[in-house]
Amino acid sequence: MNSEIRRSKADELRIVGKPLSRHDAAEKIAGSTRYAGDLAYEGMFHARLVRAQVPSARITRRDTAAARALPGVIAVLLGEDVPNNEISVDVPGQTIAVGALKARMQILATERVRFHGEPVALVIAEYEDALAAACEAVEVEYEDLPVIADPDTALADGAYAVHESGNLLAEWDIDCGDVDGAFARADVIVEGEYRTQFVDHAYLEPEAGVSWLDDDGVLNLRVATQVVEHYRDIAKILGVPDSKVRVIAPYVGGGFGGKEDMTVEPYLALATMHTRRPVRMQWTRNESLLARAKRHRNTMRYRTAAASDGTILAQDIEIISDAGAYAYLSALVLLYSSVHACGPYRTPSARIRAKTAYTNNPPTSAFRGFGGMQVVLGYESQMDELAKRLNLDPGEVRKKNALQRGDRLPVGQEIITEVQLAQTIDAVRERAGDKPAPTRPRTAIGRAIASNIQSYGRLVWLNDSAAAWIGFQMDGSLTVRCAVPDIGGGQASSLAQISSEVLGVDMDRISVHFGDSALNPLAGTTTATRQLLMSGNATYEAAVLLRDQILGAVAAETGQPVEALSLTPDGVTGPGHTTSVPAALQICRRRNIPVEALGTFFGPKGKEVTRELEGERLFPDFTFGTHLADVEVDLDTGEIKVLRYIASHDVGRAINPLSVEGQIAGAAVQGLGQALLEEIVVQDGVNLTGGFFQYLIPTAMDVPDIEIVVLESGEGLGPFGARGIGEPPIGPPLAVISSAIADAVGARPVTLPITPERVLECVRRGAGGDPT
């Protein structure tokens with residue numbers, strides 16, 4: 001990576017802001033990290049699911065006798081064997097009786113299957129090799145039912161109901177200003193329809209885990225998860241107290257939202273409770289691609305009204321998303337899409353109508369960007385088309401309309417921190433220099449920018465909180481305990497850097513214990529770009545409390561004013577006096593002062609919304625950024641080569657620049673994958689994507705070095721003014737590639753992924769031909 005950091009404020013910090021190697025880097029490079037499925041026990045059993053091979057059917061017969069008779073098979077469990085065979089998740093967004101919507105699905109289907117790959121039985125065997133034959137031997141007969149293959153069909157009058165409640169899962173409306181009046185007086189109106197596809201998380205580590213009972217009868221699950229608090233869900237399924245389930249999250253080999261919902265957890269729990277033995281389950285890549293919840297397929301229809309100078313007057317937006325067979329988090333994802341739909345721009349009048357519908361496609365749920373990603377394709381394509389219609393510079397149109405502190409989003413939320421959107425636009429353009437020339441005949445070069453807004457932190461009415469404990473050892477080393485799952489973004493290392501900054505302890509003397517629901521203070525989900533805001537602030541509060549305890553004890557012991565003391569790597573220092581940390585800790589012990597502290601951070605609060613979205617505050621804060629891409633289009637084959645890619649984001653404060661750069665580069669490449677390559681292909685409810693040989697993921701040969709310009713406004717709500725950056729960079733690639741192709745050939749691709757065939761269609765349209 002080629003990167004730079006531009007700070008708006010003086011840097012007076014010692015450790016925070018330094019590009020330090022993460023404490024897990026060496027073991028990951030060496031390949032010695034033990035992930036969830038790497039644990040083994042003597043006499044451990046293995047488990048695998050029997051999955052439905054049809055997308056919509058009534059189960060008419062199940063027979064497990066042949067499977068149970070096979071050598072090595074211990075048990076075959078059906079839904080009737082599950083103490084509580086239904087898992088429920090509260091999801092706001094119900095459309096009829098406004099309030100919390102229960103998203104329900106069975107752990108093992110008993111009467112009806114609604115998607116290809118839905119679990120219907122659980123096989124437990126002595127050895128892994130016995131699982132495949134046993135699963136094949138489980139007999140399940142079906143009566144086919146109508147297949148609802150897309151949201152438009154689902155929402156049509158008289159459509160077959162995927163669920164008894166109907167096919168409309170949730171809808172959100174946003175209204176502000178006089179939309180019709182704005183369109184009536186507009187100098188220009190831009191209309192566009194944009195479509196995104198089903199996408200898989202494609203993490204390296206598949207869904208996996210091991211479960212066992214300890215000597216106290218507590219069920220332990222060591223699993224690849226973003227949410228250790230799922231121990232509560234497991235307890236409900238089993239009908240046991242919450243205190244009898246423990247979830248451990250070791251380092252996770254990629255999550256991206258795909259390990260936010262439960263995957264292997266309930267099945268491991270059932271297997272161990274049934275057999276009283278340790279059990280291992282690891283999904284195959286085929287299973288993961290088949291049945292794991294995907295990114296939502298969206299259709300977005302935009303109408304943008306503007307004045308002749310490019311000022312946006314109004315937006316009229318319709319969003320339809322495919323929820324798949326079960327609710328999961330679709331209502332919430334759609335809410336994010338709705339709030340972000342107008343982008344990082346002042347929009348005095350807006351009418352937004354958003355719906356998500358049940359279909360018989362694979363379920364859809366959380367994915368990096370969580371609904372704020374897909375709409376970037378819509379609003380940024382509109383901005384470029386607006387600039388083109390008015391013959392204005394695309395960057396200047398964006399800067400003219402950019403949100404500023406004190407502006408309000410269409411939903412009503414005020415922007416309370418500095419917005420450096422214009423600076424990110426200038427940063428990528430300054431770095432890019434002149435547009436390159438074609439590298440070979442019969443090619444065209446295109447350049448474009450795309451900006452975005454992305455929230456960080458969870459919805460404020462969820463009453464979010466996180467806790468962290470920090471304790472000094474008597475030799476002056478430090479222990480940090482926080483149940484944050486580390487999913488590869490450096491979550492644990494950032495807590496060490498924050499602690500080091502406040503308490504003056506060198507990084508190599510700090511140990512962080514993370515991802516354990518029983519032994520560490522709970523920190524909530526590693527989702528929604530929330531952990532730096534939440535667990536980071538909790539750690540900061542604990543560190544400040546601990547520092548003040550120690551300085552107070554030394555001040556009382558030495559007679560020095562506490563405001564004259566500071567905690568440094570040399571110890572407690574004051575005018576002409578230094579007390580070593582071990583000595584200071586002894587003073588604390590003599591004076592009955594704790595040498596540990598618990599910090600709990602409570603997120604911003606707000607009122608729960610109704611279907612008619614309106615609120616003074618829905619999210620804690622937002623991150624802004626801009627990307628620039630140069631592409632070369634082969635006019636004969638439709639091949640796209642990304643020549644150069646530059647990304648700039650205001651991160652508030654980079655706790656660790658290396659981690660920030662890694663998040664930006666990784667998200668940009670993941671976004672490029674959705675823009676150009678990736679798609680889960682589903683035909684009449686049948687998932688046709690069976691492996692990575694069918695699912696194209698960007699490699700080092702497909703993308704250039706990601707150039708990064710990090711801006712530090714110091715304005716974030718996280719510790720030391722940090723903003724969340726895990727999700728925001730994944731949105732702009734969708735739009736910037738589409739717009740760069742439009743710049744090259746004169747016509748815009750509006751459906752993802754942008755395949756060579758779709759590029760050639762744009763070449764024909766750009767030359768004046770009819771689209772095919």
# chains A, B, ... in the order shown; residues from 1 in each chain; ligands from 1
>>> closest_atom_pairs(of="stretch 663-765 of chain A", to="stretch 384-405 of chain A", cutoff="10 Å", atoms="only C-alpha atoms", output="JSON lines")
{"residue": "A:Ala735", "atom": "CA", "partner": "A:Asp384", "partner_atom": "CA", "distance": 9.5}
{"residue": "A:Val736", "atom": "CA", "partner": "A:Asp384", "partner_atom": "CA", "distance": 9.8}
{"residue": "A:Ser739", "atom": "CA", "partner": "A:Asp384", "partner_atom": "CA", "distance": 7.1}
{"residue": "A:Ala742", "atom": "CA", "partner": "A:Asp384", "partner_atom": "CA", "distance": 9.5}
{"residue": "A:Asp743", "atom": "CA", "partner": "A:Asp384", "partner_atom": "CA", "distance": 9.6}
{"residue": "A:Arg748", "atom": "CA", "partner": "A:Glu385", "partner_atom": "CA", "distance": 9.1}
>>> write_last_selection(atoms="C-alpha atoms", output="tab-separated table (two decimals), in the first residue's frame")
chain	number	residue	atom	x	y	z
A	735	ALA	CA	-20.17	3.61	-8.09
A	736	VAL	CA	-16.64	4.67	-8.97
A	739	SER	CA	-18.83	5.93	-13.45
A	742	ALA	CA	-19.29	5.54	-18.30
A	743	ASP	CA	-16.52	8.10	-18.68
A	748	ARG	CA	-23.28	3.71	-17.72
>>> closest_atom_pairs(of="stretch 596-702 of chain A", to="stretch 200-213 of chain A", cutoff="8 Å", atoms="only C-alpha atoms", output="JSON lines")
{"residue": "A:Glu678", "atom": "CA", "partner": "A:Asp200", "partner_atom": "CA", "distance": 7.9}
{"residue": "A:Glu679", "atom": "CA", "partner": "A:Asp200", "partner_atom": "CA", "distance": 7.5}
{"residue": "A:Ile680", "atom": "CA", "partner": "A:Asp200", "partner_atom": "CA", "distance": 6.7}
>>> residues_around(residues="A:Asp152", least_positions_apart="6", cutoff="10 Å", atoms="only C-alpha atoms", output="PyMOL selection string")
chain A and resi 159+299+320-322+357+359
>>> residues_around(residues="stretch 525-532 of chain A", least_positions_apart="6", cutoff="10 Å", atoms="only C-alpha atoms", output="NGL selection string")
:A and (225-230 or 255-257 or 259-260 or 366-370 or 454-459 or 464 or 466 or 483-487 or 489-492 or 494-495 or 538-539 or 603 or 620 or 655 or 717-719 or 722-728)
>>> atom_distance(atom1="atom CA of A:Glu86", atom2="atom CA of A:Tyr358")
18.2 Å
>>> closest_residue(among="A:Pro732, A:Pro604, A:Pro55, A:Pro561", to="A:Gln670", atoms="only C-alpha atoms")
A:Pro732
>>> closest_residue(among="A:Gln106, A:Gln497, A:Ser648, A:Thr479", to="A:Glu712", atoms="only C-alpha atoms")
A:Ser648
>>> closest_residue(among="A:Glu111, A:Asp215, A:Asp630, A:Asp570", to="A:Arg62", atoms="only C-alpha atoms")
A:Glu111
>>> closest_residue(among="A:Ile741, A:Leu658, A:Cys762, A:Ile754", to="A:Glu4", atoms="only C-alpha atoms")
A:Leu658
>>> select_by_dssp(residues="stretch 335-573 of chain A", states="strand (DSSP E)", output="PDB file with N, CA and C atoms, in the first residue's frame")
ATOM      1  N   SER A 349     -35.561  18.368   0.264  1.00  0.00           N
ATOM      2  CA  SER A 349     -36.830  17.642   0.110  1.00  0.00           C
ATOM      3  C   SER A 349     -36.531  16.215  -0.328  1.00  0.00           C
ATOM      4  N   ALA A 350     -37.190  15.264   0.308  1.00  0.00           N
ATOM      5  CA  ALA A 350     -36.941  13.859  -0.038  1.00  0.00           C
ATOM      6  C   ALA A 350     -38.185  13.033   0.217  1.00  0.00           C
ATOM      7  N   ARG A 351     -38.393  12.056  -0.671  1.00  0.00           N
ATOM      8  CA  ARG A 351     -39.438  11.054  -0.492  1.00  0.00           C
ATOM      9  C   ARG A 351     -38.784   9.707  -0.765  1.00  0.00           C
ATOM     10  N   ILE A 352     -38.694   8.893   0.269  1.00  0.00           N
ATOM     11  CA  ILE A 352     -38.017   7.601   0.172  1.00  0.00           C
ATOM     12  C   ILE A 352     -39.002   6.507   0.579  1.00  0.00           C
ATOM     13  N   ARG A 353     -39.175   5.546  -0.292  1.00  0.00           N
ATOM     14  CA  ARG A 353     -40.046   4.407  -0.017  1.00  0.00           C
ATOM     15  C   ARG A 353     -39.217   3.132  -0.159  1.00  0.00           C
ATOM     16  N   ALA A 354     -39.138   2.371   0.901  1.00  0.00           N
ATOM     17  CA  ALA A 354     -38.282   1.180   0.901  1.00  0.00           C
ATOM     18  C   ALA A 354     -39.068  -0.023   1.405  1.00  0.00           C
ATOM     19  N   LYS A 355     -38.920  -1.136   0.707  1.00  0.00           N
ATOM     20  CA  LYS A 355     -39.600  -2.374   1.091  1.00  0.00           C
ATOM     21  C   LYS A 355     -38.626  -3.537   0.966  1.00  0.00           C
ATOM     22  N   THR A 356     -38.785  -4.515   1.850  1.00  0.00           N
ATOM     23  CA  THR A 356     -38.050  -5.773   1.725  1.00  0.00           C
ATOM     24  C   THR A 356     -39.057  -6.907   1.811  1.00  0.00           C
ATOM     25  N   ALA A 357     -38.872  -7.905   0.928  1.00  0.00           N
ATOM     26  CA  ALA A 357     -39.876  -8.953   0.774  1.00  0.00           C
ATOM     27  C   ALA A 357     -39.268 -10.333   0.950  1.00  0.00           C
ATOM     28  N   TYR A 358     -40.078 -11.234   1.509  1.00  0.00           N
ATOM     29  CA  TYR A 358     -39.693 -12.642   1.578  1.00  0.00           C
ATOM     30  C   TYR A 358     -39.727 -13.258   0.179  1.00  0.00           C
ATOM     31  N   THR A 443      -8.659   0.493 -26.912  1.00  0.00           N
ATOM     32  CA  THR A 443      -9.071   0.606 -25.520  1.00  0.00           C
ATOM     33  C   THR A 443      -9.421   2.057 -25.244  1.00  0.00           C
ATOM     34  N   ALA A 444     -10.182   2.271 -24.166  1.00  0.00           N
ATOM     35  CA  ALA A 444     -10.552   3.619 -23.742  1.00  0.00           C
ATOM     36  C   ALA A 444     -10.313   3.745 -22.251  1.00  0.00           C
ATOM     37  N   ILE A 445      -9.873   4.935 -21.826  1.00  0.00           N
ATOM     38  CA  ILE A 445      -9.582   5.207 -20.422  1.00  0.00           C
ATOM     39  C   ILE A 445     -10.733   6.003 -19.808  1.00  0.00           C
ATOM     40  N   GLY A 446     -11.128   5.603 -18.617  1.00  0.00           N
ATOM     41  CA  GLY A 446     -12.144   6.338 -17.878  1.00  0.00           C
ATOM     42  C   GLY A 446     -11.662   6.666 -16.488  1.00  0.00           C
ATOM     43  N   ARG A 447     -12.026   7.827 -15.996  1.00  0.00           N
ATOM     44  CA  ARG A 447     -11.696   8.237 -14.628  1.00  0.00           C
ATOM     45  C   ARG A 447     -12.962   8.743 -13.961  1.00  0.00           C
ATOM     46  N   ALA A 448     -13.113   8.415 -12.672  1.00  0.00           N
ATOM     47  CA  ALA A 448     -14.275   8.890 -11.925  1.00  0.00           C
ATOM     48  C   ALA A 448     -13.942   8.955 -10.442  1.00  0.00           C
ATOM     49  N   ILE A 449     -14.779   9.686  -9.721  1.00  0.00           N
ATOM     50  CA  ILE A 449     -14.718   9.682  -8.264  1.00  0.00           C
ATOM     51  C   ILE A 449     -16.075   9.246  -7.736  1.00  0.00           C
ATOM     52  N   ALA A 450     -16.094   8.771  -6.513  1.00  0.00           N
ATOM     53  CA  ALA A 450     -17.345   8.457  -5.824  1.00  0.00           C
ATOM     54  C   ALA A 450     -17.145   8.723  -4.344  1.00  0.00           C
ATOM     55  N   SER A 451     -18.101   9.396  -3.739  1.00  0.00           N
ATOM     56  CA  SER A 451     -18.047   9.719  -2.312  1.00  0.00           C
ATOM     57  C   SER A 451     -19.144   8.957  -1.578  1.00  0.00           C
ATOM     58  N   ASN A 452     -19.024   8.919  -0.251  1.00  0.00           N
ATOM     59  CA  ASN A 452     -20.087   8.251   0.502  1.00  0.00           C
ATOM     60  C   ASN A 452     -20.150   8.745   1.936  1.00  0.00           C
ATOM     61  N   ILE A 453     -21.268   8.394   2.555  1.00  0.00           N
ATOM     62  CA  ILE A 453     -21.505   8.588   3.975  1.00  0.00           C
ATOM     63  C   ILE A 453     -21.819   7.223   4.561  1.00  0.00           C
ATOM     64  N   GLN A 454     -21.254   6.912   5.723  1.00  0.00           N
ATOM     65  CA  GLN A 454     -21.543   5.628   6.373  1.00  0.00           C
ATOM     66  C   GLN A 454     -21.582   5.846   7.878  1.00  0.00           C
ATOM     67  N   SER A 455     -22.638   5.375   8.499  1.00  0.00           N
ATOM     68  CA  SER A 455     -22.746   5.475   9.951  1.00  0.00           C
ATOM     69  C   SER A 455     -21.756   4.541  10.621  1.00  0.00           C
ATOM     70  N   TYR A 456     -21.391   4.870  11.857  1.00  0.00           N
ATOM     71  CA  TYR A 456     -20.648   3.921  12.694  1.00  0.00           C
ATOM     72  C   TYR A 456     -21.294   3.900  14.078  1.00  0.00           C
ATOM     73  N   SER A 465     -24.019  -0.707  24.839  1.00  0.00           N
ATOM     74  CA  SER A 465     -23.007  -0.498  25.878  1.00  0.00           C
ATOM     75  C   SER A 465     -21.872  -1.490  25.676  1.00  0.00           C
ATOM     76  N   ALA A 466     -20.744  -1.203  26.278  1.00  0.00           N
ATOM     77  CA  ALA A 466     -19.586  -2.099  26.256  1.00  0.00           C
ATOM     78  C   ALA A 466     -18.791  -1.871  27.534  1.00  0.00           C
ATOM     79  N   ALA A 467     -18.123  -2.926  27.985  1.00  0.00           N
ATOM     80  CA  ALA A 467     -17.340  -2.837  29.220  1.00  0.00           C
ATOM     81  C   ALA A 467     -15.954  -3.427  28.998  1.00  0.00           C
ATOM     82  N   ALA A 468     -14.997  -2.912  29.756  1.00  0.00           N
ATOM     83  CA  ALA A 468     -13.618  -3.424  29.718  1.00  0.00           C
ATOM     84  C   ALA A 468     -13.015  -3.296  31.104  1.00  0.00           C
ATOM     85  N   TRP A 469     -12.177  -4.253  31.438  1.00  0.00           N
ATOM     86  CA  TRP A 469     -11.484  -4.285  32.733  1.00  0.00           C
ATOM     87  C   TRP A 469      -9.988  -4.204  32.474  1.00  0.00           C
ATOM     88  N   ILE A 470      -9.316  -3.373  33.238  1.00  0.00           N
ATOM     89  CA  ILE A 470      -7.864  -3.254  33.129  1.00  0.00           C
ATOM     90  C   ILE A 470      -7.268  -3.400  34.526  1.00  0.00           C
ATOM     91  N   GLY A 471      -6.236  -4.221  34.626  1.00  0.00           N
ATOM     92  CA  GLY A 471      -5.577  -4.413  35.916  1.00  0.00           C
ATOM     93  C   GLY A 471      -4.066  -4.436  35.797  1.00  0.00           C
ATOM     94  N   PHE A 472      -3.401  -3.766  36.707  1.00  0.00           N
ATOM     95  CA  PHE A 472      -1.938  -3.843  36.782  1.00  0.00           C
ATOM     96  C   PHE A 472      -1.530  -5.121  37.497  1.00  0.00           C
ATOM     97  N   LEU A 478       0.527  -5.141  32.419  1.00  0.00           N
ATOM     98  CA  LEU A 478      -0.881  -4.787  32.383  1.00  0.00           C
ATOM     99  C   LEU A 478      -1.699  -5.887  31.727  1.00  0.00           C
ATOM    100  N   THR A 479      -2.890  -6.125  32.258  1.00  0.00           N
ATOM    101  CA  THR A 479      -3.839  -7.067  31.687  1.00  0.00           C
ATOM    102  C   THR A 479      -5.117  -6.330  31.324  1.00  0.00           C
ATOM    103  N   VAL A 480      -5.571  -6.544  30.086  1.00  0.00           N
ATOM    104  CA  VAL A 480      -6.831  -5.958  29.613  1.00  0.00           C
ATOM    105  C   VAL A 480      -7.794  -7.102  29.337  1.00  0.00           C
ATOM    106  N   ARG A 481      -8.996  -6.978  29.858  1.00  0.00           N
ATOM    107  CA  ARG A 481     -10.029  -7.987  29.619  1.00  0.00           C
ATOM    108  C   ARG A 481     -11.250  -7.318  29.000  1.00  0.00           C
ATOM    109  N   CYS A 482     -11.654  -7.838  27.847  1.00  0.00           N
ATOM    110  CA  CYS A 482     -12.812  -7.302  27.139  1.00  0.00           C
ATOM    111  C   CYS A 482     -13.307  -8.382  26.194  1.00  0.00           C
ATOM    112  N   ILE A 510       1.766  -5.618  27.753  1.00  0.00           N
ATOM    113  CA  ILE A 510       0.303  -5.634  27.868  1.00  0.00           C
ATOM    114  C   ILE A 510      -0.233  -6.921  27.251  1.00  0.00           C
ATOM    115  N   SER A 511      -1.096  -7.604  27.981  1.00  0.00           N
ATOM    116  CA  SER A 511      -1.808  -8.774  27.464  1.00  0.00           C
ATOM    117  C   SER A 511      -3.287  -8.441  27.379  1.00  0.00           C
ATOM    118  N   VAL A 512      -3.896  -8.824  26.243  1.00  0.00           N
ATOM    119  CA  VAL A 512      -5.322  -8.581  26.037  1.00  0.00           C
ATOM    120  C   VAL A 512      -6.042  -9.921  25.967  1.00  0.00           C
ATOM    121  N   HIS A 513      -7.028 -10.104  26.822  1.00  0.00           N
ATOM    122  CA  HIS A 513      -7.870 -11.296  26.804  1.00  0.00           C
ATOM    123  C   HIS A 513      -9.224 -10.881  26.228  1.00  0.00           C
ATOM    124  N   PHE A 514      -9.636 -11.515  25.140  1.00  0.00           N
ATOM    125  CA  PHE A 514     -10.811 -11.058  24.407  1.00  0.00           C
ATOM    126  C   PHE A 514     -11.709 -12.240  24.074  1.00  0.00           C
ATOM    127  N   SER A 566       2.151  12.558  36.502  1.00  0.00           N
ATOM    128  CA  SER A 566       1.753  11.870  35.279  1.00  0.00           C
ATOM    129  C   SER A 566       2.298  10.454  35.306  1.00  0.00           C
ATOM    130  N   LEU A 567       1.625   9.577  34.544  1.00  0.00           N
ATOM    131  CA  LEU A 567       2.015   8.168  34.483  1.00  0.00           C
ATOM    132  C   LEU A 567       2.704   7.937  33.150  1.00  0.00           C
ATOM    133  N   THR A 568       3.987   7.550  33.193  1.00  0.00           N
ATOM    134  CA  THR A 568       4.803   7.372  31.995  1.00  0.00           C
ATOM    135  C   THR A 568       5.479   6.008  32.049  1.00  0.00           C
ATOM    136  N   GLY A 571       7.426   5.553  35.145  1.00  0.00           N
ATOM    137  CA  GLY A 571       6.743   5.487  36.428  1.00  0.00           C
ATOM    138  C   GLY A 571       5.871   6.712  36.634  1.00  0.00           C
ATOM    139  N   VAL A 572       5.513   6.960  37.877  1.00  0.00           N
ATOM    140  CA  VAL A 572       4.757   8.156  38.230  1.00  0.00           C
ATOM    141  C   VAL A 572       5.754   9.283  38.410  1.00  0.00           C
ATOM    142  N   THR A 573       5.675  10.282  37.547  1.00  0.00           N
ATOM    143  CA  THR A 573       6.659  11.365  37.571  1.00  0.00           C
ATOM    144  C   THR A 573       6.008  12.664  37.994  1.00  0.00           C
TER     145      THR A 573
END
>>> atom_distance(atom1="atom CA of A:Ala133", atom2="atom CA of A:Glu42")
23.2 Å
>>> closest_atom_pairs(of="stretch 317-386 of chain A", to="stretch 192-198 of chain A", cutoff="8 Å", atoms="only C-alpha atoms", output="tab-separated table")
residue	atom	partner	partner_atom	distance
A:Gln374	CA	A:Thr196	CA	6.7
A:Leu377	CA	A:Tyr194	CA	7.1
A:Gly378	CA	A:Tyr194	CA	6.1
A:Gln382	CA	A:Gly192	CA	7.1
>>> write_last_selection(atoms="N, CA, C and O atoms", output="mmCIF file, in the first residue's frame")
data_model
loop_
_atom_site.group_PDB
_atom_site.id
_atom_site.type_symbol
_atom_site.label_atom_id
_atom_site.label_comp_id
_atom_site.auth_asym_id
_atom_site.auth_seq_id
_atom_site.Cartn_x
_atom_site.Cartn_y
_atom_site.Cartn_z
ATOM 1 N N GLN A 374 -25.091 -0.542 -0.840
ATOM 2 C CA GLN A 374 -25.733 -0.659 -2.147
ATOM 3 C C GLN A 374 -26.208 0.693 -2.668
ATOM 4 O O GLN A 374 -26.122 0.978 -3.868
ATOM 5 N N LEU A 377 -24.176 3.119 -5.073
ATOM 6 C CA LEU A 377 -24.288 2.988 -6.525
ATOM 7 C C LEU A 377 -25.372 3.910 -7.054
ATOM 8 O O LEU A 377 -25.203 4.558 -8.105
ATOM 9 N N GLY A 378 -26.480 4.019 -6.331
ATOM 10 C CA GLY A 378 -27.578 4.859 -6.770
ATOM 11 C C GLY A 378 -27.270 6.336 -6.674
ATOM 12 O O GLY A 378 -27.307 7.074 -7.675
ATOM 13 N N GLN A 382 -26.236 9.039 -9.774
ATOM 14 C CA GLN A 382 -27.075 10.222 -10.003
ATOM 15 C C GLN A 382 -26.256 11.503 -10.010
ATOM 16 O O GLN A 382 -26.483 12.400 -10.834
#
>>> atom_distance(atom1="atom CA of A:Phe693", atom2="atom CA of A:Val50")
23.3 Å
>>> select_by_dssp(residues="stretch 118-318 of chain A", states="helix (DSSP H, G or I)", output="PyMOL selection string")
chain A and resi 128-137+151-155+179-185+228-238+242-244+265-275+285-291
>>> closest_residue(among="A:Val745, A:Leu672, A:Val710, A:Val686", to="A:His649", atoms="only C-alpha atoms")
A:Val710
